[in-house]
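input13.txt follows (compact mmCIF, C-alpha atoms and all ligand atoms):
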# COMPACT_ATOMS: atom_id res chain seq x y z
CA MET G 1 -7.91 -18.26 -40.12
CA GLN G 2 -4.44 -16.88 -39.44
CA SER G 3 -3.39 -17.51 -35.84
CA TYR G 4 -0.79 -14.77 -35.18
CA ASP G 5 1.60 -17.13 -33.39
CA ASP G 6 4.32 -14.48 -33.44
CA LYS G 7 2.21 -12.10 -31.34
CA VAL G 8 1.78 -11.98 -27.56
CA LEU G 9 -1.40 -11.15 -25.65
CA SER G 10 -0.98 -9.77 -22.13
CA ILE G 11 -3.91 -10.65 -19.89
CA VAL G 12 -4.25 -8.49 -16.79
CA ILE G 13 -6.38 -9.79 -13.92
CA PRO G 14 -7.42 -7.52 -11.03
CA CYS G 15 -8.30 -9.80 -8.16
CA TYR G 16 -10.04 -9.07 -4.85
CA ASN G 17 -11.74 -11.71 -2.70
CA GLU G 18 -12.13 -14.16 -5.58
CA GLU G 19 -11.38 -17.44 -3.75
CA ARG G 20 -14.42 -19.04 -5.41
CA ASN G 21 -13.43 -18.18 -8.96
CA ILE G 22 -9.72 -17.62 -9.38
CA VAL G 23 -8.65 -21.22 -10.04
CA SER G 24 -11.31 -21.95 -12.67
CA LEU G 25 -10.75 -18.54 -14.22
CA VAL G 26 -6.99 -19.01 -14.60
CA LYS G 27 -7.58 -22.47 -16.12
CA LYS G 28 -9.94 -20.95 -18.69
CA VAL G 29 -7.42 -18.23 -19.49
CA LEU G 30 -4.70 -20.86 -20.01
CA GLU G 31 -6.99 -22.83 -22.34
CA SER G 32 -7.95 -19.81 -24.42
CA PRO G 33 -6.92 -20.14 -28.07
CA ILE G 34 -4.07 -17.61 -28.09
CA LYS G 35 -0.66 -19.27 -28.27
CA ASN G 36 1.54 -16.71 -26.56
CA LYS G 37 0.06 -15.37 -23.36
CA GLU G 38 1.52 -13.23 -20.60
CA ILE G 39 -0.73 -13.46 -17.54
CA ILE G 40 -0.37 -10.80 -14.84
CA ILE G 41 -2.49 -10.93 -11.70
CA VAL G 42 -2.77 -8.05 -9.26
CA GLU G 43 -3.94 -9.28 -5.87
CA ASP G 44 -5.72 -6.28 -4.39
CA CYS G 45 -5.20 -7.18 -0.71
CA SER G 46 -7.97 -9.77 -0.36
CA THR G 47 -9.38 -10.67 3.05
CA ASP G 48 -10.44 -14.22 2.05
CA ASN G 49 -8.21 -17.12 0.96
CA THR G 50 -7.35 -15.64 -2.46
CA ARG G 51 -3.73 -14.86 -1.55
CA LYS G 52 -3.09 -18.38 -0.24
CA ILE G 53 -4.64 -19.97 -3.35
CA LEU G 54 -2.52 -17.76 -5.60
CA GLU G 55 0.65 -18.74 -3.76
CA GLU G 56 -0.12 -22.46 -3.60
CA GLU G 57 -1.89 -23.17 -6.89
CA ILE G 58 -1.63 -20.32 -9.36
CA LYS G 59 1.93 -19.00 -9.06
CA PRO G 60 3.60 -21.57 -11.37
CA LEU G 61 0.91 -21.13 -14.02
CA VAL G 62 1.15 -17.38 -14.62
CA SER G 63 3.82 -14.84 -15.59
CA LYS G 64 3.59 -12.58 -12.56
CA ILE G 65 1.56 -11.93 -9.42
CA ILE G 66 1.79 -8.50 -7.83
CA TYR G 67 0.48 -7.93 -4.31
CA HIS G 68 -1.11 -4.69 -3.17
CA GLU G 69 -0.43 -3.78 0.47
CA LYS G 70 -3.80 -2.08 0.71
CA ASN G 71 -7.15 -2.71 -1.02
CA SER G 72 -7.20 -0.03 -3.70
CA GLY G 73 -9.83 -0.94 -6.32
CA LYS G 74 -10.01 -2.25 -9.88
CA GLY G 75 -8.62 0.93 -11.48
CA ALA G 76 -5.64 0.96 -9.11
CA ALA G 77 -4.98 -2.74 -9.74
CA LEU G 78 -5.00 -2.13 -13.49
CA ARG G 79 -2.68 0.87 -13.11
CA THR G 80 -0.22 -1.47 -11.38
CA ALA G 81 -0.64 -4.18 -14.03
CA PHE G 82 -0.32 -1.97 -17.13
CA LYS G 83 3.15 -0.88 -15.99
CA GLU G 84 4.32 -4.50 -16.21
CA VAL G 85 2.89 -5.71 -19.54
CA SER G 86 5.11 -6.51 -22.50
CA GLY G 87 2.74 -8.11 -25.05
CA ASP G 88 1.61 -6.70 -28.40
CA ALA G 89 -1.96 -6.33 -27.13
CA VAL G 90 -3.35 -6.12 -23.59
CA ILE G 91 -6.77 -7.32 -22.41
CA VAL G 92 -8.50 -6.78 -19.08
CA GLN G 93 -9.86 -9.98 -17.52
CA ASP G 94 -11.91 -9.81 -14.30
CA ALA G 95 -11.17 -12.62 -11.87
CA ASP G 96 -14.69 -14.02 -12.18
CA LEU G 97 -16.47 -16.11 -14.79
CA GLU G 98 -18.74 -13.44 -16.28
CA TYR G 99 -16.78 -13.36 -19.55
CA ASP G 100 -15.30 -16.14 -21.67
CA PRO G 101 -11.54 -16.22 -22.41
CA ALA G 102 -12.27 -18.45 -25.42
CA GLU G 103 -13.36 -15.22 -27.09
CA TYR G 104 -9.98 -13.41 -26.84
CA PRO G 105 -9.18 -13.91 -30.56
CA SER G 106 -12.16 -11.85 -31.70
CA LEU G 107 -10.70 -8.86 -29.86
CA ALA G 108 -6.94 -9.42 -29.98
CA TYR G 109 -6.70 -10.40 -33.66
CA LEU G 110 -8.07 -7.00 -34.72
CA ILE G 111 -5.11 -5.46 -32.90
CA PHE G 112 -2.57 -8.08 -34.09
CA LYS G 113 -3.73 -7.44 -37.67
CA GLY G 114 -3.31 -3.69 -37.23
CA GLU G 115 -7.01 -3.08 -37.91
CA ALA G 116 -7.67 -1.41 -34.56
CA ASP G 117 -5.86 0.25 -31.66
CA VAL G 118 -8.61 -0.37 -29.11
CA VAL G 119 -11.36 -3.01 -29.19
CA TYR G 120 -14.22 -3.43 -26.68
CA GLY G 121 -16.21 -6.65 -26.38
CA SER G 122 -19.88 -5.68 -26.37
CA ARG G 123 -22.45 -7.67 -24.40
CA PHE G 124 -25.25 -5.86 -26.19
CA LEU G 125 -24.26 -6.42 -29.81
CA ASN G 126 -24.90 -10.07 -29.03
CA GLN G 127 -28.44 -11.26 -29.80
CA LYS G 128 -28.65 -13.37 -26.67
CA ARG G 129 -28.09 -10.39 -24.43
CA LYS G 130 -27.98 -11.29 -20.78
CA GLY G 131 -27.67 -9.42 -17.51
CA TYR G 132 -29.96 -8.25 -14.75
CA LEU G 133 -32.45 -5.55 -15.72
CA ALA G 134 -31.15 -2.87 -13.33
CA ASN G 135 -27.54 -3.40 -14.45
CA ARG G 136 -28.55 -3.46 -18.10
CA LEU G 137 -30.40 -0.16 -17.77
CA ALA G 138 -27.51 1.41 -15.87
CA ASN G 139 -25.10 0.23 -18.56
CA ARG G 140 -27.28 1.69 -21.27
CA VAL G 141 -27.58 5.10 -19.58
CA LEU G 142 -23.85 5.28 -18.79
CA THR G 143 -22.88 4.26 -22.33
CA LYS G 144 -25.20 6.86 -23.92
CA PHE G 145 -23.95 9.57 -21.59
CA SER G 146 -20.34 8.61 -22.31
CA ASN G 147 -20.94 8.62 -26.09
CA LEU G 148 -22.38 12.12 -25.82
CA PHE G 149 -19.07 13.49 -24.57
CA THR G 150 -16.63 11.18 -26.36
CA LYS G 151 -18.42 11.18 -29.75
CA GLN G 152 -17.89 7.42 -29.88
CA LYS G 153 -20.73 5.20 -31.04
CA ILE G 154 -20.24 2.24 -28.75
CA THR G 155 -22.95 0.02 -27.22
CA ASP G 156 -21.15 -1.14 -24.05
CA MET G 157 -18.83 1.31 -22.31
CA GLU G 158 -18.82 -0.63 -19.02
CA THR G 159 -17.64 -3.93 -20.54
CA CYS G 160 -14.72 -5.65 -18.84
CA TYR G 161 -13.28 -6.90 -22.15
CA LYS G 162 -11.25 -3.92 -23.25
CA CYS G 163 -8.30 -4.75 -25.47
CA PHE G 164 -5.58 -2.24 -26.29
CA LYS G 165 -2.44 -2.02 -28.34
CA ARG G 166 0.21 -2.07 -25.59
CA GLU G 167 1.81 1.28 -26.41
CA ILE G 168 -1.56 2.97 -26.21
CA ILE G 169 -2.62 1.72 -22.79
CA GLN G 170 0.84 2.40 -21.41
CA SER G 171 0.62 6.01 -22.54
CA VAL G 172 -2.52 6.68 -20.47
CA ASP G 173 -2.30 7.98 -16.92
CA ILE G 174 -5.10 6.24 -14.98
CA GLU G 175 -6.45 8.38 -12.14
CA GLU G 176 -9.59 6.49 -11.07
CA ASP G 177 -8.91 3.88 -8.38
CA ARG G 178 -12.18 1.98 -8.56
CA PHE G 179 -14.83 1.35 -11.19
CA GLY G 180 -14.52 4.91 -12.56
CA PHE G 181 -11.75 3.34 -14.64
CA GLU G 182 -14.20 2.32 -17.39
CA PRO G 183 -15.51 5.83 -18.29
CA GLU G 184 -12.08 7.38 -17.64
CA ILE G 185 -10.24 5.12 -20.06
CA THR G 186 -13.00 5.47 -22.66
CA ALA G 187 -12.78 9.29 -22.46
CA LYS G 188 -8.98 9.32 -22.58
CA ILE G 189 -8.85 6.97 -25.57
CA ALA G 190 -11.38 9.20 -27.35
CA ARG G 191 -9.25 12.24 -26.57
CA MET G 192 -6.34 10.57 -28.35
CA GLY G 193 -8.48 10.61 -31.50
CA ILE G 194 -8.92 6.83 -31.50
CA LYS G 195 -12.16 5.25 -32.68
CA ILE G 196 -13.04 2.33 -30.40
CA LYS G 197 -14.03 -0.81 -32.32
CA GLU G 198 -16.57 -3.23 -30.87
CA THR G 199 -17.08 -6.93 -31.32
CA PRO G 200 -19.92 -9.05 -29.83
CA ILE G 201 -19.11 -11.19 -26.79
CA SER G 202 -21.03 -13.50 -24.45
CA TYR G 203 -21.91 -12.61 -20.87
CA PHE G 204 -22.69 -14.79 -17.86
CA PRO G 205 -23.62 -12.31 -15.10
CA ARG G 206 -23.04 -12.99 -11.42
CA THR G 207 -24.99 -11.51 -8.51
CA ASN G 208 -23.70 -9.60 -5.47
CA GLU G 209 -24.21 -12.78 -3.45
CA GLU G 210 -21.91 -14.54 -5.91
CA GLY G 211 -19.22 -11.94 -5.33
CA LYS G 212 -19.99 -9.01 -7.63
CA LYS G 213 -18.61 -5.86 -6.03
CA ILE G 214 -19.89 -3.08 -8.24
CA GLY G 215 -22.91 -1.21 -6.82
CA PHE G 216 -25.19 1.82 -7.09
CA LYS G 217 -22.53 4.19 -5.74
CA ASP G 218 -20.17 3.04 -8.49
CA GLY G 219 -22.83 4.00 -11.04
CA LEU G 220 -22.91 7.53 -9.62
CA ARG G 221 -19.13 7.69 -9.65
CA ALA G 222 -19.18 6.55 -13.29
CA LEU G 223 -21.52 9.43 -14.16
CA TYR G 224 -19.17 11.83 -12.40
CA ALA G 225 -16.15 10.34 -14.19
CA ILE G 226 -17.82 10.73 -17.60
CA TRP G 227 -18.26 14.42 -16.84
CA LYS G 228 -14.86 14.84 -15.19
CA TYR G 229 -12.81 13.39 -18.07
CA ARG G 230 -14.81 15.00 -20.89
CA LYS G 231 -12.64 17.01 -23.28
N1 LIG H 1 -11.64 -5.87 -7.86
C1 LIG H 1 -10.40 -5.43 -7.37
N2 LIG H 1 -10.40 -4.61 -6.28
C2 LIG H 1 -11.55 -4.18 -5.66
C3 LIG H 1 -12.81 -4.61 -6.21
C4 LIG H 1 -12.80 -5.45 -7.31
O1 LIG H 1 -9.35 -5.79 -7.88
O2 LIG H 1 -11.47 -3.46 -4.67
C5 LIG H 1 -11.65 -6.78 -9.02
C6 LIG H 1 -12.56 -7.99 -8.85
O3 LIG H 1 -11.91 -9.03 -8.16
C7 LIG H 1 -12.89 -8.34 -10.29
C8 LIG H 1 -12.90 -6.97 -10.97
O4 LIG H 1 -12.19 -6.08 -10.11
O5 LIG H 1 -11.89 -9.14 -10.86
C9 LIG H 1 -14.31 -6.47 -11.25
O6 LIG H 1 -15.13 -6.61 -10.10
P1 LIG H 1 -16.64 -7.11 -10.22
O7 LIG H 1 -16.69 -8.36 -11.02
O8 LIG H 1 -17.20 -7.13 -8.85
O9 LIG H 1 -17.32 -5.92 -10.99
P2 LIG H 1 -18.03 -5.85 -12.42
O10 LIG H 1 -17.84 -7.13 -13.14
O11 LIG H 1 -19.43 -5.59 -12.09
O12 LIG H 1 -17.38 -4.69 -13.11
MG MG H 2 -17.16 -9.00 -12.93
Would you mind writing the file's structure down as structure tokens?
Ligand code: UDP
Ligand code: MG
Amino acid sequence: MQSYDDKVLSIVIPCYNEERNIVSLVKKVLESPIKNKEIIIVEDCSTDNTRKILEEEIKPLVSKIIYHEKNSGKGAALRTAFKEVSGDAVIVQDADLEYDPAEYPSLAYLIFKGEADVVYGSRFLNQKRKGYLANRLANRVLTKFSNLFTKQKITDMETCYKCFKREIIQSVDIEEDRFGFEPEITAKIARMGIKIKETPISYFPRTNEEGKKIGFKDGLRALYAIWKYRK
């Protein structure tokens, strides 16, 4: 398989209260089989030891760390990060271990090859689908509702692994500060006339006790965002 060693993948990591995960996550990102990586972390004003760990252990390993003065949410952290990226393709990486950076090539190569402008990693195209029942059902409803307005035929709108050609993500104005980012970006990409490609990915879900921050209210906000950003 061609390895696209002349291309760069920008990995953007929104990070809030992830003291338990950030070191192992960054190690996995560094080990992922993409030669040229630009890693940008946005520290979203954590209240635990995340900031200290970033300063003491992570800083020399990554391209850039940007600090938010105020906790603003995943969408806001990504808005900050997308302004800074310079790679050929850009992928969103949560600061937890729910997704596997070893799988970057299956998304990024489609963009490096020029076969896609936007690729989502789908947790549900995978046979061994995992995830808690309530979350799975919520994901299904939100994806179907999103498809209805965007005319896309995707299976996992809420996935974290969203990979974009850099010029495309930098041309989008992101308005949602929190988890409304996922339906917003999906709607805005659709509006640009782009067909989102999907590729199967693995998923290792974490619970709220393990640090997951998304909740029922975010589901309602996602429904509202699907409607708000429809054509
Ligand atoms: N996050 C953030 N700011 C916040 C809440 C979350 O930057 O106010 C980050 C969080 O650290 C994680 C990502 O956004 O890297 C997604 O959060 P989470 O894993 O809780 O949500 P889910 O995986 O369910 O989308
Ligand atoms: Mg997560």
Find the residues near ligand LIG 1 (chain H). Use a cut-off of 10 Å, count only C-alpha atoms and all ligand atoms, and write them as a count of residues only.
55
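Between CA of Lys7 (chain G) and CA of Lys27 (chain G) lies a distance of 20.9 Å.
Among the candidates G:Leu25, G:Glu198, G:Ile58, G:Val118, the residue lying nearest to ligand MG 2 (chain H) is G:Leu25 (atoms considered: only C-alpha atoms and all ligand atoms).
Put simply, CA of Tyr104 (chain G) is 27.4 Å away from CA of Glu209 (chain G).
Distances to Met192 (chain G) were evaluated for G:Thr155, G:Lys231, G:Tyr224, G:Asn36 using all atoms listed in the file, and the minimum falls at G:Lys231.
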Atom pair CA of Ser146 (chain G) / CA of Arg230 (chain G): separation (Å)
8.6 Å
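Checking G:Glu56, G:Gly121, G:Phe204, G:Thr186 one by one against Asn147 (chain G), counting all atoms listed in the file, you find the shortest gap at G:Thr186.
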Do you know which residues are at most 10 Å from Ser86 (chain G) counting all atoms listed in the file, after dropping those on the same chain fewer than 5 positions away, and could you put them as a ChimeraX atom specification?
/G:8-10,38,166-167,170
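Across G:Val23, G:Gly131, G:Ile53, G:Ala102, the tightest approach to ligand MG 2 (chain H) is made by G:Gly131 when counting only C-alpha atoms and all ligand atoms.
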Just want the 7 Å neighbourhood of Pro101 (chain G), counted on all atoms listed in the file, with same-chain residues fewer than 3 positions away dropped. Output as a PDB file with C-alpha atoms, in the frame of the given file.
ATOM      1  CA  LYS G  28      -9.940 -20.950 -18.690  1.00  0.00           C
ATOM      2  CA  VAL G  29      -7.420 -18.230 -19.490  1.00  0.00           C
ATOM      3  CA  SER G  32      -7.950 -19.810 -24.420  1.00  0.00           C
ATOM      4  CA  TYR G 104      -9.980 -13.410 -26.840  1.00  0.00           C
TER       5      TYR G 104
END
Restricting the calculation to only C-alpha atoms, which member of G:Glu69, G:Glu57, G:Glu184, G:Asp156 is positioned closest to Ala222 (chain G)?
G:Glu184
Which is closer to ligand MG 2 (chain H) than all the others in G:Val85, G:Arg221, G:Asp100, G:Ala138, using only C-alpha atoms and all ligand atoms?
G:Asp100
Let me have the centre and edge lengths in Å, one decimal, of the box along x, y and z around every listed atom of region 75-90 of chain G with 5 Å of margin on each side, as lines of an AutoDock Vina configuration file.
center_x = -1.8
center_y = -3.6
center_z = -18.8
size_x = 23.7
size_y = 19.1
size_z = 29.3
List the neighbours of Lys165 (chain G) out to 12 Å using all atoms listed in the file; skip same-chain residues closer than 2 positions along the sequence, and give me the result as an MDAnalysis selection string.
chainID G and resid 7:10 82 85:91 107:120 162:163 167:172 189 194 196
Name all residues at most 7 Å from Ile201 (chain G) (count all atoms listed in the file; drop same-chain ones fewer than 6 positions away) and give them as an MDAnalysis selection string.
chainID G and resid 121:123 126
